[in-house]
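What follows is the content of query_11.cif (mmCIF, C-alpha atoms).
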data_target
loop_
_atom_site.label_atom_id
_atom_site.label_comp_id
_atom_site.auth_asym_id
_atom_site.auth_seq_id
_atom_site.Cartn_x
_atom_site.Cartn_y
_atom_site.Cartn_z
CA MET U 1 106.27 89.85 88.26
CA LYS U 2 102.48 89.81 87.76
CA LEU U 3 101.16 93.35 87.80
CA ALA U 4 97.90 95.29 87.63
CA ILE U 5 97.75 98.80 86.26
CA LEU U 6 95.60 101.64 87.57
CA PHE U 7 93.89 102.51 84.34
CA SER U 8 92.04 105.71 83.46
CA GLY U 9 92.05 105.32 79.69
CA GLY U 10 94.20 108.43 79.33
CA LYS U 11 97.72 108.80 77.97
CA ASP U 12 99.57 108.39 81.29
CA SER U 13 98.15 105.03 82.30
CA ASN U 14 98.42 103.78 78.71
CA TYR U 15 102.05 104.87 78.39
CA ALA U 16 102.90 103.40 81.82
CA LEU U 17 101.28 100.17 80.60
CA PHE U 18 103.39 100.26 77.42
CA LYS U 19 106.63 100.75 79.38
CA THR U 20 105.75 98.11 81.95
CA ALA U 21 104.75 95.50 79.38
CA GLN U 22 108.31 95.54 78.00
CA LYS U 23 109.60 94.09 81.28
CA HIS U 24 106.76 92.50 83.22
CA SER U 25 103.55 90.57 82.83
CA LEU U 26 100.45 92.77 83.05
CA VAL U 27 97.48 90.69 84.08
CA CYS U 28 94.63 93.16 84.57
CA LEU U 29 93.46 96.76 84.44
CA ILE U 30 91.94 98.44 87.50
CA SER U 31 89.61 101.39 86.98
CA LEU U 32 87.87 103.48 89.58
CA ILE U 33 84.73 104.94 88.10
CA SER U 34 84.45 108.28 89.85
CA GLU U 35 81.21 110.21 90.11
CA ASN U 36 83.20 113.27 91.14
CA LYS U 37 84.67 115.34 88.32
CA GLU U 38 86.93 117.09 90.83
CA SER U 39 88.49 113.83 92.10
CA TYR U 40 92.11 114.26 93.24
CA MET U 41 92.87 110.67 92.32
CA PHE U 42 90.91 109.56 89.30
CA GLN U 43 89.89 110.78 85.87
CA SER U 44 86.12 110.76 85.39
CA CYS U 45 85.85 111.57 81.70
CA GLY U 46 85.60 108.80 79.10
CA ASN U 47 84.98 106.08 81.71
CA GLU U 48 82.09 104.56 79.80
CA PHE U 49 84.43 103.43 77.03
CA LEU U 50 87.12 101.81 79.17
CA LYS U 51 85.71 98.38 78.33
CA LEU U 52 86.52 98.99 74.67
CA GLN U 53 90.11 99.90 75.51
CA ALA U 54 90.37 96.77 77.67
CA LYS U 55 89.11 94.75 74.72
CA ALA U 56 91.65 96.37 72.41
CA LEU U 57 94.36 95.59 74.96
CA ASN U 58 93.05 92.07 75.48
CA LEU U 59 93.23 92.50 79.26
CA PRO U 60 90.54 91.93 81.91
CA LEU U 61 89.16 95.09 83.50
CA ILE U 62 88.25 95.42 87.17
CA GLU U 63 85.88 98.36 87.56
CA VAL U 64 84.87 99.69 90.97
CA LYS U 65 82.52 102.62 91.41
CA THR U 66 83.47 105.43 93.77
CA LYS U 67 81.76 108.62 94.81
CA GLY U 68 85.19 110.19 94.42
CA GLU U 69 85.22 111.85 97.83
CA LYS U 70 88.64 112.66 99.17
CA GLU U 71 89.48 109.72 101.45
CA THR U 72 86.63 107.25 100.80
CA GLU U 73 87.89 106.87 97.21
CA LEU U 74 91.06 105.40 98.70
CA LYS U 75 89.03 102.71 100.44
CA ASP U 76 87.40 101.97 97.09
CA LEU U 77 90.82 101.80 95.42
CA LYS U 78 92.05 99.39 98.10
CA LYS U 79 88.95 97.27 97.55
CA ALA U 80 89.65 97.13 93.80
CA ILE U 81 93.31 96.18 94.36
CA LYS U 82 92.28 93.45 96.81
CA LEU U 83 89.97 92.09 94.13
CA ALA U 84 92.92 91.99 91.69
CA ILE U 85 95.00 90.11 94.27
CA LYS U 86 92.22 87.56 94.72
CA LYS U 87 91.44 87.09 91.02
CA TYR U 88 94.88 87.43 89.43
CA SER U 89 97.44 86.99 92.26
CA ILE U 90 99.10 90.29 91.43
CA GLU U 91 102.42 91.16 93.07
CA GLY U 92 102.40 94.86 92.29
CA VAL U 93 100.47 97.85 91.03
CA VAL U 94 101.59 100.22 88.27
CA SER U 95 100.43 103.83 88.06
CA GLY U 96 100.91 106.61 85.54
CA ALA U 97 101.62 109.19 88.26
CA ILE U 98 104.00 111.89 87.02
CA LYS U 99 104.23 114.70 89.55
CA SER U 100 101.36 114.34 92.01
CA ASN U 101 102.73 113.62 95.49
CA TYR U 102 99.12 113.33 96.67
CA GLN U 103 98.42 110.52 94.21
CA SER U 104 101.73 108.69 94.50
CA LEU U 105 101.93 108.69 98.32
CA ARG U 106 98.42 107.31 98.63
CA ILE U 107 99.12 104.53 96.15
CA GLN U 108 102.43 103.76 97.90
CA ASN U 109 100.60 103.53 101.24
CA ILE U 110 97.94 101.16 99.93
CA CYS U 111 100.54 98.92 98.24
CA ASN U 112 102.66 98.93 101.39
CA ASP U 113 99.65 97.84 103.47
CA LEU U 114 98.90 95.03 101.00
CA ASN U 115 102.56 93.98 100.63
CA LEU U 116 102.62 94.84 96.92
CA TYR U 117 105.19 96.61 94.77
CA SER U 118 104.16 100.11 93.72
CA ILE U 119 105.67 100.94 90.34
CA ASN U 120 105.55 104.42 88.79
CA PRO U 121 107.52 104.32 85.52
CA LEU U 122 106.62 107.92 84.55
CA TRP U 123 107.54 109.43 87.93
CA GLN U 124 109.04 112.94 87.41
CA ILE U 125 109.44 112.25 83.69
CA ASN U 126 110.67 115.12 81.49
CA GLU U 127 107.31 116.33 80.16
CA LYS U 128 108.48 117.60 76.75
CA GLU U 129 110.39 114.39 76.06
CA TYR U 130 107.32 112.41 77.17
CA LEU U 131 105.14 114.14 74.57
CA SER U 132 107.72 113.28 71.90
CA GLU U 133 107.83 109.66 73.09
CA LEU U 134 104.05 109.38 72.75
CA LEU U 135 104.25 110.50 69.13
CA LYS U 136 107.33 108.45 68.34
CA ASN U 137 105.56 105.33 69.61
CA LYS U 138 102.42 106.15 67.61
CA PHE U 139 100.03 106.77 70.50
CA GLU U 140 96.80 108.35 69.28
CA VAL U 141 95.72 110.56 72.17
CA ALA U 142 92.49 112.58 72.02
CA ILE U 143 91.99 115.60 74.28
CA ILE U 144 88.54 115.06 75.84
CA GLN U 145 88.40 117.52 78.72
CA ILE U 146 89.78 120.99 79.46
CA ALA U 147 89.78 122.92 82.72
CA SER U 148 92.20 125.79 82.31
CA TYR U 149 92.91 128.99 80.42
CA PRO U 150 93.88 129.30 77.54
CA PHE U 151 92.29 126.05 76.34
CA THR U 152 88.97 126.48 74.52
CA LYS U 153 86.50 124.10 72.93
CA GLU U 154 88.49 124.18 69.69
CA ILE U 155 90.99 121.69 71.11
CA LEU U 156 88.36 119.20 72.37
CA GLY U 157 88.43 116.00 70.30
CA LYS U 158 91.75 116.79 68.65
CA THR U 159 94.50 114.20 68.82
CA ILE U 160 97.99 115.17 69.88
CA ASN U 161 100.19 115.51 66.80
CA GLU U 162 103.40 117.49 66.19
CA LYS U 163 101.45 120.74 65.78
CA ILE U 164 99.40 120.27 68.99
CA LYS U 165 102.55 119.15 70.82
CA THR U 166 104.27 122.41 69.85
CA GLU U 167 101.19 124.39 70.93
CA LEU U 168 101.06 122.58 74.29
CA ILE U 169 104.73 123.33 74.92
CA GLU U 170 104.31 127.00 73.96
CA ILE U 171 101.25 127.32 76.21
CA SER U 172 103.07 125.63 79.11
CA GLU U 173 106.01 128.01 78.79
CA LYS U 174 103.86 131.12 78.43
CA TYR U 175 101.39 130.34 81.24
CA LYS U 176 103.68 128.24 83.47
CA ILE U 177 101.43 125.18 83.34
CA SER U 178 102.14 121.54 82.60
CA CYS U 179 102.36 120.65 78.90
CA VAL U 180 101.03 117.16 79.70
CA GLY U 181 98.05 118.34 81.75
CA GLU U 182 99.54 117.14 85.03
CA GLY U 183 97.75 119.91 86.94
CA GLY U 184 94.37 118.82 85.53
CA GLU U 185 94.57 121.42 82.72
CA PHE U 186 93.30 118.78 80.28
CA GLU U 187 92.41 115.08 80.22
CA THR U 188 92.90 112.59 77.43
CA PHE U 189 91.54 109.35 76.01
CA VAL U 190 93.74 106.96 74.05
CA LEU U 191 92.38 105.72 70.73
CA ASP U 192 95.41 103.70 69.68
CA SER U 193 98.77 102.58 71.05
CA PRO U 194 101.38 99.92 70.24
CA MET U 195 99.59 97.77 72.84
CA PHE U 196 96.17 97.93 71.15
CA ASN U 197 95.21 95.00 68.93
CA LYS U 198 92.50 97.14 67.36
CA LYS U 199 92.22 100.90 67.16
CA LEU U 200 89.30 103.01 68.30
CA GLN U 201 87.57 105.74 66.37
CA ILE U 202 85.17 108.31 67.78
CA ILE U 203 82.08 108.22 65.56
CA SER U 204 79.84 110.62 67.39
CA SER U 205 80.48 113.17 70.13
CA GLU U 206 79.34 116.50 71.49
CA LYS U 207 81.31 119.35 73.05
CA ILE U 208 79.76 120.35 76.36
CA MET U 209 81.13 123.60 77.82
CA GLU U 210 80.68 124.86 81.37
CA SER U 211 82.62 128.04 80.71
CA GLU U 212 84.89 129.36 77.99
CA ASN U 213 87.88 127.38 79.29
CA SER U 214 86.17 124.42 80.92
CA GLY U 215 84.28 121.60 79.28
CA HIS U 216 84.44 118.09 77.92
CA LEU U 217 83.84 115.99 74.87
CA LYS U 218 80.85 113.76 75.51
CA ILE U 219 81.66 110.68 73.47
CA LYS U 220 78.48 109.02 72.23
CA GLU U 221 79.77 106.29 69.95
CA ILE U 222 83.13 104.65 69.35
CA LYS U 223 83.89 101.92 66.86
CA MET U 224 86.75 99.43 66.83
CA GLU U 225 88.74 98.98 63.65
CA ASN U 226 91.30 96.46 62.56
CA LYS U 227 94.83 97.88 62.45
CA MET T 1 135.32 124.80 83.76
CA LYS T 2 135.95 121.07 83.50
CA THR T 3 132.81 118.93 83.22
CA GLN T 4 132.24 116.83 86.30
CA ASN T 5 130.97 113.29 86.07
CA VAL T 6 128.32 112.13 88.54
CA LEU T 7 127.63 108.43 89.05
CA ILE T 8 124.04 107.56 89.92
CA LEU T 9 124.23 104.10 91.42
CA ASP T 10 120.98 102.21 90.90
CA THR T 11 120.25 100.26 94.10
CA SER T 12 117.14 98.46 92.86
CA TYR T 13 116.86 94.68 92.64
CA GLU T 14 118.04 94.29 89.04
CA LYS T 15 119.74 96.20 86.24
CA ASN T 16 117.44 98.27 83.99
CA SER T 17 114.33 97.63 86.08
CA LEU T 18 111.41 100.06 85.98
CA PHE T 19 112.69 101.38 89.31
CA LYS T 20 115.63 102.89 87.43
CA ASP T 21 113.08 105.19 85.73
CA GLU T 22 111.40 105.91 89.04
CA PHE T 23 114.39 106.47 91.33
CA CYS T 24 117.41 107.30 89.12
CA MET T 25 115.94 109.32 86.26
CA PRO T 26 114.52 112.09 88.50
CA ILE T 27 118.07 112.63 89.82
CA ALA T 28 119.47 112.51 86.29
CA ASN T 29 116.94 115.12 85.13
CA ILE T 30 118.16 117.51 87.83
CA ILE T 31 121.82 116.99 86.91
CA ASN T 32 120.95 117.50 83.23
CA GLN T 33 119.86 121.05 83.98
CA ILE T 34 123.08 122.06 85.74
CA PRO T 35 125.88 123.34 83.47
CA ASN T 36 129.22 121.52 83.57
CA PHE T 37 127.85 118.28 85.00
CA LYS T 38 127.04 115.02 83.27
CA TYR T 39 125.80 111.74 84.72
CA GLU T 40 126.04 108.01 84.22
CA ILE T 41 123.59 105.52 85.70
CA LYS T 42 125.02 102.14 86.62
CA HIS T 43 123.57 99.26 88.59
CA TYR T 44 125.48 98.15 91.69
CA SER T 45 125.95 94.68 90.21
CA GLU T 46 128.13 96.12 87.41
CA LYS T 47 131.92 96.33 87.53
CA ILE T 48 132.61 100.01 88.27
CA ASN T 49 135.75 102.06 88.76
CA PHE T 50 134.38 104.50 91.32
CA GLU T 51 137.49 106.70 91.13
CA ASN T 52 136.42 107.74 87.61
CA TYR T 53 133.68 109.90 89.08
CA ASP T 54 133.60 113.28 90.82
CA LYS T 55 130.48 112.52 92.86
CA ILE T 56 128.46 109.39 93.61
CA ILE T 57 124.73 109.29 94.41
CA LEU T 58 123.18 106.07 95.73
CA SER T 59 119.55 106.02 94.54
CA GLY T 60 116.48 104.97 96.46
CA SER T 61 114.55 101.82 95.62
CA ALA T 62 111.05 100.39 96.04
CA LEU T 63 109.58 100.04 99.54
CA LYS T 64 109.53 96.26 99.23
CA ASP T 65 112.98 95.95 97.68
CA PHE T 66 115.76 94.91 100.07
CA GLU T 67 117.73 92.85 97.56
CA TYR T 68 120.78 95.04 98.17
CA LEU T 69 121.10 93.54 101.66
CA GLU T 70 122.20 90.33 99.94
CA SER T 71 125.03 92.13 98.10
CA LEU T 72 126.51 94.50 100.67
CA ASN T 73 130.03 93.54 99.53
CA LYS T 74 129.29 95.52 96.34
CA PHE T 75 129.15 98.68 98.45
CA GLU T 76 132.48 98.30 100.29
CA PHE T 77 133.83 101.13 98.10
CA ILE T 78 131.90 103.54 100.35
CA LYS T 79 134.50 102.98 103.06
CA THR T 80 137.54 103.32 100.83
CA THR T 81 136.85 105.95 98.19
CA LEU T 82 137.48 109.65 98.70
CA VAL T 83 134.82 110.59 96.14
CA PRO T 84 131.93 112.45 97.85
CA ILE T 85 128.84 110.25 98.27
CA LEU T 86 125.16 111.04 98.84
CA GLY T 87 122.93 108.11 99.79
CA ILE T 88 119.18 108.60 99.31
CA CYS T 89 116.64 106.43 101.21
CA ALA T 90 117.90 102.89 100.39
CA GLY T 91 121.22 104.72 99.95
CA ILE T 92 121.40 105.86 103.60
CA GLN T 93 120.37 102.35 104.64
CA ILE T 94 123.23 100.93 102.57
CA ILE T 95 125.67 103.39 104.15
CA ALA T 96 124.49 102.33 107.62
CA LYS T 97 124.77 98.63 106.84
CA THR T 98 128.22 99.11 105.27
CA TYR T 99 129.35 100.76 108.50
CA GLU T 100 127.85 97.83 110.39
CA THR T 101 124.83 99.38 112.06
CA GLU T 102 121.27 98.15 111.78
CA LEU T 103 118.09 99.48 110.25
CA LYS T 104 115.38 100.71 112.60
CA LYS T 105 111.63 100.33 111.94
CA CYS T 106 110.32 103.76 110.96
CA LYS T 107 107.36 103.99 108.60
CA GLU T 108 106.96 107.34 106.86
CA ILE T 109 105.04 107.34 103.59
CA GLU T 110 104.10 110.99 103.58
CA ILE T 111 105.27 114.56 103.32
CA THR T 112 107.38 114.85 106.47
CA LYS T 113 108.82 117.76 108.37
CA THR T 114 112.61 117.36 108.47
CA ILE T 115 114.58 119.32 111.05
CA THR T 116 118.27 120.12 110.67
CA THR T 117 120.08 119.13 113.86
CA LYS T 118 123.62 120.04 112.86
CA GLN T 119 124.98 122.67 110.48
CA ASN T 120 126.04 121.15 107.17
CA LYS T 121 126.66 122.06 103.54
CA LEU T 122 123.45 120.60 102.06
CA PHE T 123 120.50 122.06 103.99
CA GLU T 124 119.45 124.13 106.99
CA GLY T 125 116.42 124.80 109.19
CA GLU T 126 113.10 122.95 108.97
CA PHE T 127 111.68 121.89 105.64
CA GLU T 128 109.11 119.55 104.10
CA THR T 129 110.36 116.36 102.50
CA TYR T 130 108.95 113.52 100.41
CA SER T 131 109.43 110.32 102.37
CA ILE T 132 108.69 106.70 101.42
CA HIS T 133 110.37 104.24 103.76
CA ASN T 134 109.63 101.59 106.36
CA TYR T 135 113.06 101.80 108.01
CA SER T 136 115.39 104.49 109.27
CA ILE T 137 118.88 103.71 110.62
CA TYR T 138 120.94 103.68 113.77
CA CYS T 139 123.76 106.20 113.32
CA PRO T 140 127.16 104.55 112.74
CA LYS T 141 129.88 105.75 115.15
CA GLU T 142 131.88 107.28 112.28
CA PHE T 143 128.90 109.56 111.43
CA GLU T 144 126.95 112.37 113.05
CA ILE T 145 123.23 113.03 112.81
CA ILE T 146 122.48 116.16 110.76
CA ALA T 147 118.67 115.86 110.43
CA LYS T 148 115.73 114.21 112.14
CA SER T 149 111.98 113.90 111.76
CA LYS T 150 109.55 113.22 114.60
CA LYS T 151 110.05 109.51 114.04
CA GLY T 152 113.75 109.08 113.45
CA ILE T 153 117.04 109.96 111.79
CA HIS T 154 116.61 111.76 108.46
CA GLY T 155 120.20 112.67 107.65
CA VAL T 156 123.76 111.74 108.60
CA LYS T 157 127.26 112.86 107.61
CA HIS T 158 130.58 111.13 108.00
CA LYS T 159 132.64 112.94 110.65
CA GLU T 160 135.70 113.26 108.38
CA LYS T 161 134.67 112.50 104.81
CA GLU T 162 132.09 113.97 102.44
CA ILE T 163 129.68 111.06 102.82
CA TYR T 164 126.07 112.10 103.34
CA GLY T 165 122.92 110.07 103.75
CA VAL T 166 119.34 111.32 103.69
CA LEU T 167 116.28 109.20 104.32
CA PHE T 168 113.92 111.44 102.35
CA HIS T 169 113.92 111.93 98.56
CA PRO T 170 115.49 115.33 97.75
CA GLU T 171 114.97 114.70 94.03
CA ILE T 172 111.22 115.23 94.57
CA LYS T 173 110.73 118.22 96.86
CA ASN T 174 114.25 119.48 97.66
CA LYS T 175 116.12 119.52 94.37
CA GLU T 176 118.53 122.17 95.66
CA ILE T 177 120.07 119.53 97.95
CA ILE T 178 121.16 117.53 94.88
CA GLU T 179 122.56 120.73 93.35
CA LYS T 180 124.48 121.61 96.50
CA PHE T 181 125.86 118.10 96.78
CA ILE T 182 127.19 117.89 93.25
CA ASN T 183 128.68 121.37 93.66
CA LEU T 184 130.63 120.38 96.83
#
Have the structure of the file written as structure tokens, please.
Amino acid sequence: MKLAILFSGGKDSNYALFKTAQKHSLVCLISLISENKESYMFQSCGNEFLKLQAKALNLPLIEVKTKGEKETELKDLKKAIKLAIKKYSIEGVVSGAIKSNYQSLRIQNICNDLNLYSINPLWQINEKEYLSELLKNKFEVAIIQIASYPFTKEILGKTINEKIKTELIEISEKYKISCVGEGGEFETFVLDSPMFNKKLQIISSEKIMESENSGHLKIKEIKMENK
Amino acid sequence: MKTQNVLILDTSYEKNSLFKDEFCMPIANIINQIPNFKYEIKHYSEKINFENYDKIILSGSALKDFEYLESLNKFEFIKTTLVPILGICAGIQIIAKTYETELKKCKEIEITKTITTKQNKLFEGEFETYSIHNYSIYCPKEFEIIAKSKKGIHGVKHKEKEIYGVLFHPEIKNKEIIEKFINL
């Protein structure tokens, strides 16, 4: 089956890509470039470096801009998927949706309208086991945005390792939030995965805070390295 | 208490597809959290001794996937076994087809309001459900309707046996239904 993946550059779409690639042929990445940081559907942080990830993955990237407003972004998503059908004859769309009914139902509806398979390999995944799987499979995942107590700027730019994993699990248990950031508590950017031919390294960045528990890592320069 | 063994029967188009992760694992994760129950996931194409299990759950499958219609003989056990069965989405469609009724066009890809129409052991009243289907069913004569939405049948139960079918996905928004079923 020829598939496209809805690709944000974060851990969920990259891990869904990894799982899918073991069984199907992935032919392109689809990214919606959202101008709205509060988008219900799409990550907006780190978008400017998606092309580098696509290069590391050796996959073509379809980028469509969206204002990120609640329902018009769905029209933009449909437009992007139609483009993938035209260019790459895709038969289905993969997403990294984990718990969001809002996200998954909208993707299911669009795929149903376009007679495509909608595939969600991380749907309802056990979140703690998922974090372990990321580390076991040597994903290098940088935290690039936070939007929830008790996260502070100290964690911005850090990559998830055993210590951070333990902290995320402790925080999720103490504050009853998702340890994988499913509620938008934090966003990530993948620097390396088993699917990358080259790894990425952040050379220059700046932490921009809107409040004590909300802010992002503005990445200024990334370089690609041989693995 | 003796550990009970629940079979999750994967109804998707092939063994070990990504739809196993999407439609079977969420059910497995619920069972994992309930003491004294364990689960096995098997694809319907496998040779299975259904009498080895205490409960059987027929999983859902992708909206576009109707491969199971080509292999309905694999589901004949539904009519003969005394093991309690819960069919989810594709599962209720399989139950209907096994009892020789047809599917009925009914598109619901949304959070739906499900209304209990007959008292039963799994749910009561009105409640929100996660629905992704293009077809509901006509109720087989051996069954009674236990739930409906505005658009069609949402739940049936065999009149004499513990065979249930629900069109919505209880593993997403109504996990207690899975718990009640395996505790029957």
Quick one, how far is CA of Ala84 (chain U) from CA of Lys138 (chain U)?
29.5 Å
Residue by residue, what does the PyMOL selection byres ((chain U) within 10 of (chain T)) grab here? Present the result as a compact mmCIF listing (two decimals) with C-alpha atoms, keeping the file's coordinate frame.
# COMPACT_ATOMS: atom_id res chain seq x y z
CA LYS U 19 106.63 100.75 79.38
CA THR U 20 105.75 98.11 81.95
CA GLN U 22 108.31 95.54 78.00
CA LYS U 23 109.60 94.09 81.28
CA HIS U 24 106.76 92.50 83.22
CA ILE U 98 104.00 111.89 87.02
CA LYS U 99 104.23 114.70 89.55
CA ASN U 101 102.73 113.62 95.49
CA TYR U 102 99.12 113.33 96.67
CA SER U 104 101.73 108.69 94.50
CA LEU U 105 101.93 108.69 98.32
CA ARG U 106 98.42 107.31 98.63
CA ILE U 107 99.12 104.53 96.15
CA GLN U 108 102.43 103.76 97.90
CA ASN U 109 100.60 103.53 101.24
CA CYS U 111 100.54 98.92 98.24
CA ASN U 112 102.66 98.93 101.39
CA ASN U 115 102.56 93.98 100.63
CA LEU U 116 102.62 94.84 96.92
CA TYR U 117 105.19 96.61 94.77
CA SER U 118 104.16 100.11 93.72
CA ILE U 119 105.67 100.94 90.34
CA ASN U 120 105.55 104.42 88.79
CA PRO U 121 107.52 104.32 85.52
CA LEU U 122 106.62 107.92 84.55
CA TRP U 123 107.54 109.43 87.93
CA GLN U 124 109.04 112.94 87.41
CA ILE U 125 109.44 112.25 83.69
CA ASN U 126 110.67 115.12 81.49
What does the PyMOL selection byres ((chain U and resi 57-71) around 9) select in this file, as a ChimeraX atom specification?
/U:7,26-42,50-56,72-77,79-81,83-84,195-198
Mind writing the picked residues with C-alpha atoms as an mmCIF file, in the coordinates of the input?
data_model
loop_
_atom_site.group_PDB
_atom_site.id
_atom_site.type_symbol
_atom_site.label_atom_id
_atom_site.label_comp_id
_atom_site.auth_asym_id
_atom_site.auth_seq_id
_atom_site.Cartn_x
_atom_site.Cartn_y
_atom_site.Cartn_z
ATOM 1 C CA PHE U 7 93.890 102.510 84.340
ATOM 2 C CA LEU U 26 100.450 92.770 83.050
ATOM 3 C CA VAL U 27 97.480 90.690 84.080
ATOM 4 C CA CYS U 28 94.630 93.160 84.570
ATOM 5 C CA LEU U 29 93.460 96.760 84.440
ATOM 6 C CA ILE U 30 91.940 98.440 87.500
ATOM 7 C CA SER U 31 89.610 101.390 86.980
ATOM 8 C CA LEU U 32 87.870 103.480 89.580
ATOM 9 C CA ILE U 33 84.730 104.940 88.100
ATOM 10 C CA SER U 34 84.450 108.280 89.850
ATOM 11 C CA GLU U 35 81.210 110.210 90.110
ATOM 12 C CA ASN U 36 83.200 113.270 91.140
ATOM 13 C CA LYS U 37 84.670 115.340 88.320
ATOM 14 C CA GLU U 38 86.930 117.090 90.830
ATOM 15 C CA SER U 39 88.490 113.830 92.100
ATOM 16 C CA TYR U 40 92.110 114.260 93.240
ATOM 17 C CA MET U 41 92.870 110.670 92.320
ATOM 18 C CA PHE U 42 90.910 109.560 89.300
ATOM 19 C CA LEU U 50 87.120 101.810 79.170
ATOM 20 C CA LYS U 51 85.710 98.380 78.330
ATOM 21 C CA LEU U 52 86.520 98.990 74.670
ATOM 22 C CA GLN U 53 90.110 99.900 75.510
ATOM 23 C CA ALA U 54 90.370 96.770 77.670
ATOM 24 C CA LYS U 55 89.110 94.750 74.720
ATOM 25 C CA ALA U 56 91.650 96.370 72.410
ATOM 26 C CA THR U 72 86.630 107.250 100.800
ATOM 27 C CA GLU U 73 87.890 106.870 97.210
ATOM 28 C CA LEU U 74 91.060 105.400 98.700
ATOM 29 C CA LYS U 75 89.030 102.710 100.440
ATOM 30 C CA ASP U 76 87.400 101.970 97.090
ATOM 31 C CA LEU U 77 90.820 101.800 95.420
ATOM 32 C CA LYS U 79 88.950 97.270 97.550
ATOM 33 C CA ALA U 80 89.650 97.130 93.800
ATOM 34 C CA ILE U 81 93.310 96.180 94.360
ATOM 35 C CA LEU U 83 89.970 92.090 94.130
ATOM 36 C CA ALA U 84 92.920 91.990 91.690
ATOM 37 C CA MET U 195 99.590 97.770 72.840
ATOM 38 C CA PHE U 196 96.170 97.930 71.150
ATOM 39 C CA ASN U 197 95.210 95.000 68.930
ATOM 40 C CA LYS U 198 92.500 97.140 67.360
#
Where does the PyMOL selection byres ((chain U and resi 95) around 7) land in this file, that is, which residues does it pick, as a ChimeraX atom specification?
/U:5-6,13,16,93-94,96-97,119-120
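Nearest to Val180 (chain U) of all the residues U:Lys165, U:Lys136, U:Lys78, U:Lys199 is U:Lys165, based on all atoms listed in the file.
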Residues within 6 Å of Ile90 (chain U), please, as a list of chain:residue names. Count only C-alpha atoms; anything in the same chain fewer than 3 positions from it doesn't count.
U:Lys2, U:Leu3, U:Ile85
Can you write out the residues you just picked, keeping C-alpha atoms, as a compact mmCIF listing (two decimals), in the frame of the given file?
# COMPACT_ATOMS: atom_id res chain seq x y z
CA LYS U 2 102.48 89.81 87.76
CA LEU U 3 101.16 93.35 87.80
CA ILE U 85 95.00 90.11 94.27
What lies within 12 Å of Val156 (chain T) using only C-alpha atoms, ignoring chain neighbours under 6 positions off, as a PDB file with C-alpha atoms, in the coordinates of the input?
ATOM      1  CA  ILE T  85     128.840 110.250  98.270  1.00  0.00           C
ATOM      2  CA  LEU T  86     125.160 111.040  98.840  1.00  0.00           C
ATOM      3  CA  GLY T  87     122.930 108.110  99.790  1.00  0.00           C
ATOM      4  CA  ILE T  88     119.180 108.600  99.310  1.00  0.00           C
ATOM      5  CA  CYS T  89     116.640 106.430 101.210  1.00  0.00           C
ATOM      6  CA  GLY T  91     121.220 104.720  99.950  1.00  0.00           C
ATOM      7  CA  ILE T  92     121.400 105.860 103.600  1.00  0.00           C
ATOM      8  CA  GLN T  93     120.370 102.350 104.640  1.00  0.00           C
ATOM      9  CA  ILE T  95     125.670 103.390 104.150  1.00  0.00           C
ATOM     10  CA  ALA T  96     124.490 102.330 107.620  1.00  0.00           C
ATOM     11  CA  THR T 116     118.270 120.120 110.670  1.00  0.00           C
ATOM     12  CA  THR T 117     120.080 119.130 113.860  1.00  0.00           C
ATOM     13  CA  LYS T 118     123.620 120.040 112.860  1.00  0.00           C
ATOM     14  CA  GLN T 119     124.980 122.670 110.480  1.00  0.00           C
ATOM     15  CA  ASN T 120     126.040 121.150 107.170  1.00  0.00           C
ATOM     16  CA  LYS T 121     126.660 122.060 103.540  1.00  0.00           C
ATOM     17  CA  LEU T 122     123.450 120.600 102.060  1.00  0.00           C
ATOM     18  CA  PHE T 123     120.500 122.060 103.990  1.00  0.00           C
ATOM     19  CA  SER T 136     115.390 104.490 109.270  1.00  0.00           C
ATOM     20  CA  ILE T 137     118.880 103.710 110.620  1.00  0.00           C
ATOM     21  CA  TYR T 138     120.940 103.680 113.770  1.00  0.00           C
ATOM     22  CA  CYS T 139     123.760 106.200 113.320  1.00  0.00           C
ATOM     23  CA  PRO T 140     127.160 104.550 112.740  1.00  0.00           C
ATOM     24  CA  LYS T 141     129.880 105.750 115.150  1.00  0.00           C
ATOM     25  CA  GLU T 142     131.880 107.280 112.280  1.00  0.00           C
ATOM     26  CA  PHE T 143     128.900 109.560 111.430  1.00  0.00           C
ATOM     27  CA  GLU T 144     126.950 112.370 113.050  1.00  0.00           C
ATOM     28  CA  ILE T 145     123.230 113.030 112.810  1.00  0.00           C
ATOM     29  CA  ILE T 146     122.480 116.160 110.760  1.00  0.00           C
ATOM     30  CA  ALA T 147     118.670 115.860 110.430  1.00  0.00           C
ATOM     31  CA  LYS T 148     115.730 114.210 112.140  1.00  0.00           C
ATOM     32  CA  GLU T 162     132.090 113.970 102.440  1.00  0.00           C
ATOM     33  CA  ILE T 163     129.680 111.060 102.820  1.00  0.00           C
ATOM     34  CA  TYR T 164     126.070 112.100 103.340  1.00  0.00           C
ATOM     35  CA  GLY T 165     122.920 110.070 103.750  1.00  0.00           C
ATOM     36  CA  VAL T 166     119.340 111.320 103.690  1.00  0.00           C
ATOM     37  CA  LEU T 167     116.280 109.200 104.320  1.00  0.00           C
ATOM     38  CA  PHE T 168     113.920 111.440 102.350  1.00  0.00           C
TER      39      PHE T 168
END
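For the atom pair formed by CA of Lys151 (chain T) and CA of Thr112 (chain T), the distance is 9.6 Å, given to one decimal.
Separating CA of Ile56 (chain T) from CA of Leu7 (chain T) is a distance of 4.7 Å.
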Using 10 Å as the limit and counting all atoms listed in the file, can you tabulate each residue of region 68-126 of chain T that touches region 36-52 of chain T, with its shortest atom-to-atom distance in Å and the two atoms involved, as CSV?
residue,atom,partner,partner_atom,distance
T:Tyr68,CA,T:Tyr44,CA,8.6
T:Ser71,CA,T:Ser45,CA,8.3
T:Leu72,CA,T:Tyr44,CA,9.7
T:Lys74,CA,T:Tyr44,CA,6.6
T:Phe75,CA,T:Tyr44,CA,7.7
T:Phe77,CA,T:Phe50,CA,7.6
T:Ile78,CA,T:Phe50,CA,9.4
T:Thr81,CA,T:Glu51,CA,7.1
T:Leu82,CA,T:Glu51,CA,8.1
T:Val83,CA,T:Glu51,CA,6.9
